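**Q** Input file: coords26.cif. Contents: mmCIF, C-alpha atoms and all ligand atoms.
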```cif
data_target
#
loop_
_atom_site.label_atom_id
_atom_site.label_comp_id
_atom_site.auth_asym_id
_atom_site.auth_seq_id
_atom_site.Cartn_x
_atom_site.Cartn_y
_atom_site.Cartn_z
CA MET U 1 80.60 -56.52 -47.65
CA ARG U 2 77.35 -54.58 -48.03
CA ILE U 3 77.61 -51.33 -46.12
CA ALA U 4 74.67 -48.92 -45.77
CA GLU U 5 76.72 -46.03 -44.37
CA ILE U 6 79.91 -45.03 -42.59
CA PHE U 7 79.81 -41.80 -40.61
CA ARG U 8 81.25 -40.07 -37.58
CA SER U 9 78.99 -39.04 -34.74
CA LEU U 10 78.52 -39.36 -30.98
CA GLN U 11 77.35 -42.63 -29.46
CA GLY U 12 73.79 -41.89 -28.38
CA GLU U 13 72.98 -44.89 -26.18
CA GLY U 14 74.47 -47.04 -23.47
CA ARG U 15 77.67 -47.04 -21.45
CA LEU U 16 79.64 -44.99 -24.02
CA THR U 17 77.01 -42.29 -24.52
CA GLY U 18 78.62 -39.10 -25.78
CA THR U 19 81.78 -40.82 -27.07
CA PRO U 20 82.90 -39.66 -30.54
CA SER U 21 82.69 -42.76 -32.73
CA VAL U 22 82.81 -43.87 -36.34
CA PHE U 23 79.74 -45.93 -37.19
CA VAL U 24 79.96 -48.73 -39.76
CA ARG U 25 76.47 -49.89 -40.65
CA PHE U 26 76.10 -53.28 -42.30
CA SER U 27 73.05 -53.63 -44.54
CA GLY U 28 70.76 -56.61 -43.97
CA CYS U 29 68.94 -58.15 -41.02
CA ASN U 30 67.36 -61.48 -40.06
CA LEU U 31 64.64 -59.75 -38.01
CA SER U 32 61.74 -57.43 -38.86
CA CYS U 33 61.17 -55.43 -35.70
CA ARG U 34 57.94 -53.44 -35.58
CA TYR U 35 59.80 -50.35 -34.32
CA CYS U 36 62.89 -50.63 -36.56
CA ASP U 37 64.37 -47.17 -37.16
CA THR U 38 66.86 -48.30 -39.84
CA PRO U 39 64.70 -49.91 -42.55
CA PHE U 40 67.35 -48.93 -45.10
CA ALA U 41 69.61 -51.51 -43.41
CA SER U 42 66.96 -54.15 -42.68
CA ALA U 43 63.61 -54.38 -44.51
CA ASN U 44 64.88 -52.49 -47.58
CA PRO U 45 68.63 -52.92 -47.43
CA GLU U 46 70.55 -50.25 -49.28
CA GLY U 47 74.23 -49.53 -49.64
CA GLN U 48 77.36 -50.44 -51.49
CA ASP U 49 79.47 -53.56 -51.69
CA LEU U 50 82.86 -52.53 -50.32
CA SER U 51 86.04 -54.52 -49.84
CA LEU U 52 87.51 -55.07 -46.40
CA GLU U 53 90.44 -52.80 -47.29
CA ARG U 54 88.11 -50.01 -48.43
CA VAL U 55 86.05 -50.12 -45.24
CA VAL U 56 89.19 -50.06 -43.08
CA ASP U 57 90.51 -47.08 -45.11
CA LEU U 58 87.23 -45.18 -44.73
CA VAL U 59 87.29 -45.73 -40.96
CA ALA U 60 90.98 -44.83 -40.72
CA GLU U 61 90.31 -41.47 -42.42
CA HIS U 62 88.70 -40.40 -39.14
CA ASP U 63 90.97 -39.54 -36.25
CA CYS U 64 88.64 -41.30 -33.84
CA SER U 65 89.51 -44.00 -31.30
CA HIS U 66 86.06 -45.65 -31.12
CA VAL U 67 84.27 -47.63 -33.83
CA VAL U 68 80.71 -48.92 -33.62
CA ILE U 69 79.84 -51.84 -35.90
CA THR U 70 76.09 -51.79 -36.31
CA GLY U 71 73.30 -52.61 -38.74
CA GLY U 72 71.00 -54.17 -39.64
CA GLU U 73 72.52 -57.19 -37.98
CA PRO U 74 76.31 -57.06 -38.45
CA MET U 75 76.82 -60.58 -37.05
CA LEU U 76 74.94 -62.04 -40.03
CA PHE U 77 77.96 -61.37 -42.21
CA SER U 78 81.18 -63.40 -42.04
CA ASP U 79 83.15 -60.30 -43.17
CA VAL U 80 82.54 -58.78 -39.74
CA VAL U 81 85.23 -61.08 -38.29
CA PRO U 82 88.23 -59.89 -40.39
CA LEU U 83 86.91 -56.33 -40.17
CA THR U 84 87.01 -56.33 -36.36
CA ILE U 85 90.47 -57.91 -36.38
CA ALA U 86 91.78 -55.28 -38.84
CA LEU U 87 90.27 -52.41 -36.84
CA SER U 88 91.66 -53.73 -33.57
CA ARG U 89 95.13 -53.80 -35.20
CA LEU U 90 94.61 -50.10 -35.90
CA GLY U 91 94.10 -49.67 -32.16
CA ARG U 92 90.38 -48.89 -32.37
CA HIS U 93 87.97 -49.64 -29.53
CA ILE U 94 85.20 -51.74 -31.09
CA THR U 95 81.57 -51.85 -30.05
CA ILE U 96 79.31 -54.33 -31.83
CA GLU U 97 75.58 -53.59 -31.76
CA THR U 98 73.69 -56.85 -32.21
CA ALA U 99 70.45 -58.62 -31.36
CA ALA U 100 72.59 -61.66 -30.41
CA THR U 101 70.90 -64.09 -32.75
CA VAL U 102 74.04 -65.07 -34.68
CA ASP U 103 77.46 -65.96 -33.27
CA ARG U 104 80.80 -65.04 -34.84
CA PRO U 105 84.34 -65.11 -33.40
CA VAL U 106 84.74 -61.33 -33.62
CA HIS U 107 87.18 -59.07 -31.83
CA CYS U 108 85.08 -56.80 -29.65
CA ASP U 109 85.64 -54.48 -26.68
CA LEU U 110 81.96 -53.93 -25.91
CA MET U 111 79.22 -56.31 -27.03
CA SER U 112 76.09 -54.17 -27.03
CA ILE U 113 73.17 -56.59 -27.13
CA SER U 114 69.61 -55.52 -27.87
CA PRO U 115 67.44 -58.56 -27.10
CA LYS U 116 64.12 -58.49 -28.90
CA LEU U 117 61.05 -58.84 -26.71
CA ALA U 118 57.57 -59.82 -27.91
CA ASN U 119 56.92 -56.10 -28.52
CA SER U 120 59.32 -56.27 -31.49
CA THR U 121 57.14 -58.68 -33.48
CA PRO U 122 55.76 -57.04 -36.64
CA SER U 123 52.02 -56.46 -36.55
CA ILE U 124 49.63 -57.85 -39.10
CA ASP U 125 49.03 -55.29 -41.81
CA SER U 126 47.99 -55.37 -45.43
CA SER U 127 51.40 -56.57 -46.62
CA ALA U 128 51.29 -59.98 -48.27
CA LYS U 129 54.71 -60.63 -46.78
CA THR U 130 53.62 -60.17 -43.17
CA PRO U 131 52.88 -63.81 -42.15
CA GLU U 132 56.27 -64.95 -43.43
CA LEU U 133 58.02 -61.98 -41.75
CA ILE U 134 56.33 -62.77 -38.45
CA ARG U 135 57.29 -66.45 -38.71
CA ARG U 136 60.92 -65.61 -39.47
CA HIS U 137 61.08 -62.97 -36.76
CA GLU U 138 59.66 -65.24 -34.07
CA GLN U 139 61.92 -68.10 -35.11
CA ASN U 140 65.06 -65.92 -34.96
CA ARG U 141 64.59 -63.34 -32.24
CA HIS U 142 65.70 -65.40 -29.23
CA ALA U 143 68.89 -67.48 -29.40
CA PRO U 144 69.89 -68.24 -25.79
CA ASP U 145 73.08 -70.13 -26.68
CA VAL U 146 74.36 -67.12 -28.61
CA VAL U 147 73.51 -64.75 -25.76
CA ARG U 148 75.27 -67.02 -23.26
CA ARG U 149 78.45 -67.21 -25.35
CA LEU U 150 78.61 -63.46 -25.97
CA ILE U 151 78.11 -62.41 -22.35
CA ARG U 152 80.63 -65.03 -21.22
CA ASP U 153 83.41 -63.95 -23.56
CA TYR U 154 82.99 -60.17 -23.95
CA SER U 155 82.43 -57.07 -21.90
CA TYR U 156 78.72 -56.51 -22.52
CA GLN U 157 75.62 -54.43 -22.01
CA LEU U 158 72.02 -55.39 -22.69
CA LYS U 159 69.61 -52.71 -23.93
CA PHE U 160 65.90 -53.57 -23.92
CA VAL U 161 63.36 -51.46 -25.80
CA VAL U 162 60.37 -51.01 -23.51
CA ASP U 163 56.85 -49.81 -24.30
CA ASN U 164 54.93 -50.61 -21.12
CA ILE U 165 55.00 -52.40 -17.78
CA GLN U 166 54.29 -55.80 -19.40
CA ASP U 167 57.58 -55.42 -21.25
CA CYS U 168 59.36 -54.86 -17.92
CA HIS U 169 57.87 -58.11 -16.62
CA GLU U 170 59.12 -59.85 -19.77
CA VAL U 171 62.61 -58.42 -19.12
CA GLU U 172 62.54 -60.06 -15.66
CA THR U 173 61.52 -63.40 -17.22
CA TYR U 174 64.39 -63.00 -19.70
CA LEU U 175 66.90 -62.23 -16.94
CA ALA U 176 65.75 -65.26 -14.95
CA GLU U 177 66.90 -67.39 -17.89
CA PHE U 178 70.41 -65.92 -17.59
CA PRO U 179 71.30 -65.66 -13.89
CA GLU U 180 74.89 -64.82 -14.85
CA ILE U 181 73.83 -61.42 -16.21
CA GLU U 182 74.67 -58.54 -13.86
CA ARG U 183 71.79 -56.12 -13.44
CA THR U 184 74.17 -53.15 -13.66
CA ASN U 185 74.73 -54.18 -17.30
CA VAL U 186 70.99 -54.20 -18.06
CA MET U 187 69.50 -51.03 -19.55
CA LEU U 188 65.88 -50.21 -20.28
CA MET U 189 65.21 -47.74 -23.10
CA PRO U 190 61.85 -46.15 -23.84
CA GLN U 191 60.46 -47.07 -27.26
CA GLY U 192 59.86 -43.99 -29.39
CA THR U 193 60.96 -42.08 -32.42
CA ASP U 194 60.44 -38.53 -31.16
CA LEU U 195 61.16 -36.60 -27.99
CA ARG U 196 57.53 -36.35 -26.93
CA MET U 197 57.05 -40.13 -26.97
CA LEU U 198 60.35 -40.71 -25.19
CA GLU U 199 59.67 -38.18 -22.43
CA LYS U 200 56.22 -39.63 -21.76
CA LYS U 201 57.62 -43.14 -21.31
CA ALA U 202 60.73 -41.96 -19.46
CA LYS U 203 58.57 -40.62 -16.63
CA TRP U 204 57.46 -44.03 -15.38
CA LEU U 205 60.44 -46.01 -16.70
CA LEU U 206 62.92 -43.95 -14.65
CA SER U 207 61.01 -44.85 -11.48
CA TYR U 208 60.82 -48.48 -12.50
CA CYS U 209 64.59 -48.67 -13.06
CA ARG U 210 65.31 -46.99 -9.73
CA GLU U 211 63.08 -49.42 -7.85
CA HIS U 212 64.29 -52.55 -9.66
CA ASN U 213 68.02 -51.90 -9.75
CA LEU U 214 68.23 -51.55 -13.53
CA VAL U 215 69.86 -48.84 -15.65
CA PHE U 216 67.68 -46.28 -17.41
CA CYS U 217 69.01 -45.65 -20.90
CA PRO U 218 68.08 -42.39 -22.64
CA ARG U 219 68.21 -42.24 -26.45
CA ARG U 220 70.34 -39.16 -26.83
CA GLN U 221 70.69 -39.43 -30.61
CA ILE U 222 67.00 -38.54 -30.91
CA GLU U 223 67.41 -35.64 -28.48
CA TRP U 224 70.58 -34.37 -30.21
CA PHE U 225 69.94 -35.12 -33.87
CA GLY U 226 66.26 -36.06 -34.14
CA GLY U 227 67.23 -39.60 -35.15
CA ALA U 228 68.19 -38.41 -38.64
CA ARG U 229 70.08 -40.84 -40.86
CA GLY U 230 73.87 -40.54 -40.73
CA THR U 231 73.94 -39.03 -37.24
S1 LIG O 1 67.28 -56.10 -35.30
FE1 LIG O 1 67.64 -53.89 -35.47
S2 LIG O 1 67.99 -53.53 -37.68
FE2 LIG O 1 67.05 -55.57 -37.47
S3 LIG O 1 64.85 -55.18 -37.77
FE3 LIG O 1 65.28 -55.15 -35.54
S4 LIG O 1 65.63 -52.98 -35.05
FE4 LIG O 1 65.82 -53.20 -37.31
#
```
Could you show the structure in this file as structure tokens?
Ligand code: SF4

**A**
Amino acid sequence: MRIAEIFRSLQGEGRLTGTPSVFVRFSGCNLSCRYCDTPFASANPEGQDLSLERVVDLVAEHDCSHVVITGGEPMLFSDVVPLTIALSRLGRHITIETAATVDRPVHCDLMSISPKLANSTPSIDSSAKTPELIRRHEQNRHAPDVVRRLIRDYSYQLKFVVDNIQDCHEVETYLAEFPEIERTNVMLMPQGTDLRMLEKKAKWLLSYCREHNLVFCPRRQIEWFGGARGT
């Protein structure tokens, strides 16, 4: 399996924020989000091809109860299934971070879903590849049957990246499509790659979450580590 990096850090987002975790980052993605902060695992996938046994050994070297399988899009790869089974046999708590566009029968203790709103669509630029990237992104970014299956069968959280109030309205439209989703599992995160941007958006987004019974989700990894790779 193609792995961009394996490292130990603290979970920076969501229900398990602050939990020491080993991160296993698959390399490769079926989306091309405008705000992607891991291009080395999506647009320009890097990394090494490692066997299942090697990945399990590298995780097991860390005395750490929690593992986060992330990407890229880890659910693109069939190897994610035996990997989650092997790690669960080691007694690890497994979070999978996914956009929920591909379904796999994984073992998972927390399905951390980041649905992609219209604000994720790549913008037109000078790249000759852009029209094809936009077409692929729009075709793939919403897979309601996959979302339904994952929230039915796993403990879950949904984390939406939000830029402005229009995005919040789009979140409500999304939630109306899935009445089974509990609002206490729905988190809104400000879009941004530095503290200044995040703080500016957090000011109004905190109020919005309070008034609309949704969970505000800070991005602590940027606050703690500046969003540097391998943290
Ligand atoms: S789904 Fe995640 S890894 Fe893939 S392009 Fe979007 S932000 Fe990047």

**Q** Env of U:Ile94: 12 Å cut, atoms = all atoms listed in the file, seq-sep filter 5 positions within chain, self excluded. Answer as a VMD selection string.

**A** chain U and resid 16 21 to 24 59 64 to 70 80 to 81 83 to 89 106 to 112 154 to 156

**Q** Enumerate as a PyMOL selection string the residues within 9 Å of ligand LIG 1 (chain O), counting only C-alpha atoms and all ligand atoms.

**A** chain U and resi 27-43+70-73+97-99+114-116+120+137+141

**Q** Taking only C-alpha atoms into account, which of U:Gln221, U:Met189, U:Asp49, U:Thr121 comes nearest U:Leu133?

**A**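 Closest to U:Leu133 of all the choices is U:Thr121.
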
**Q** Taking all atoms listed in the file into account, name the residue in U:Pro144, U:Gly12, U:Pro74, U:Gly91 that is nearest to U:Arg219.

**A**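 Closest to U:Arg219, using all atoms listed in the file: U:Gly12.
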
**Q** In Å, how far is it from atom CA of U:Trp224 to atom CA of U:Lys201?

**A**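 Calculated distance between atom CA of U:Trp224 and atom CA of U:Lys201 is 18.0 Å.
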
**Q** Please determine, counting all atoms listed in the file, which residue among U:Ile96, U:Leu52, U:Phe160, U:Thr17 has the shortest atom-to-atom distance to U:Ile3.

**A**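 Of U:Ile96, U:Leu52, U:Phe160, U:Thr17, the one nearest U:Ile3 is U:Leu52, counting all atoms listed in the file.
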
**Q** Quick one, how far is atom CA of U:Phe216 from atom CA of U:Ser9?

**A**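 These atoms are spaced 21.9 Å apart.
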
**Q** Could you tell me, as a ChimeraX atom specification, which residues have any atom at most 8 Å from (73.0, -59.8, -21.3), counting only C-alpha atoms?

**A** /U:113,147-148,151,156-158,175,178,181-182,185-186

**Q** Could you check the closest approach to U:Thr193 for each of U:Leu205, U:Arg210, U:Phe225, U:Tyr174 and tell me which residue wins, using all atoms listed in the file?

**A**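 Nearest candidate to U:Thr193 out of U:Leu205, U:Arg210, U:Phe225, U:Tyr174: U:Phe225.
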
**Q** Give me the box for stretch 210-229 of chain U as AutoDock Vina command-line options, namely the centre and edge lengths in Å to one decimal of a box along x, y and z that holds every listed atom plus 4 Å on each side.

**A**
```
--center_x 66.9 --center_y -43.5 --center_z -24.4 --size_x 15.6 --size_y 26.2 --size_z 41.0
```

**Q** What separation in Å, quoted to one decimal, exists between atom CA of U:Arg196 and atom CA of U:Arg8?

**A** 26.3 Å

**Q** If I put a ball of radius 8 Å at (58.9, -47.1, -26.4) in the file's coordinates, which residues poke into it when counting all atoms listed in the file, written as a list of chain:residue names?

**A** U:Val161, U:Val162, U:Asp163, U:Asn164, U:Met189, U:Pro190, U:Gln191, U:Gly192, U:Met197, U:Leu198, U:Lys201

**Q** Keeping C-alpha atoms, export the residues of the selection given above as a tab-separated table (two decimals), in the frame of the given file.

**A**
```
chain	number	residue	atom	x	y	z
U	161	VAL	CA	63.36	-51.46	-25.80
U	162	VAL	CA	60.37	-51.01	-23.51
U	163	ASP	CA	56.85	-49.81	-24.30
U	164	ASN	CA	54.93	-50.61	-21.12
U	189	MET	CA	65.21	-47.74	-23.10
U	190	PRO	CA	61.85	-46.15	-23.84
U	191	GLN	CA	60.46	-47.07	-27.26
U	192	GLY	CA	59.86	-43.99	-29.39
U	197	MET	CA	57.05	-40.13	-26.97
U	198	LEU	CA	60.35	-40.71	-25.19
U	201	LYS	CA	57.62	-43.14	-21.31
```

**Q** Return the single residue from U:Glu170, U:Glu211, U:Glu132, U:Glu223 that is closest to U:Asp194, with distances computed using all atoms listed in the file.

**A**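 So, comparing all the options, the nearest one is U:Glu223.
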
**Q** Could you check which of U:Ile6, U:Ala100, U:Leu50, U:Ala60 is closest to U:Gly230, using all atoms listed in the file?

**A**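 The shortest atom-to-atom distance to U:Gly230 comes from U:Ile6.
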
**Q** Would you list the contacts of U:Val146 as a PDB file with C-alpha atoms, in the coordinates of the input, taking every protein, DNA or RNA residue within 7 Å and counting only C-alpha atoms, but skipping same-chain residues closer than 6 positions in sequence?

**A**
```pdb
ATOM      1  CA  ALA U 100      72.590 -61.660 -30.410  1.00  0.00           C
ATOM      2  CA  THR U 101      70.900 -64.090 -32.750  1.00  0.00           C
ATOM      3  CA  VAL U 102      74.040 -65.070 -34.680  1.00  0.00           C
ATOM      4  CA  ASP U 103      77.460 -65.960 -33.270  1.00  0.00           C
TER       5      ASP U 103
END
```
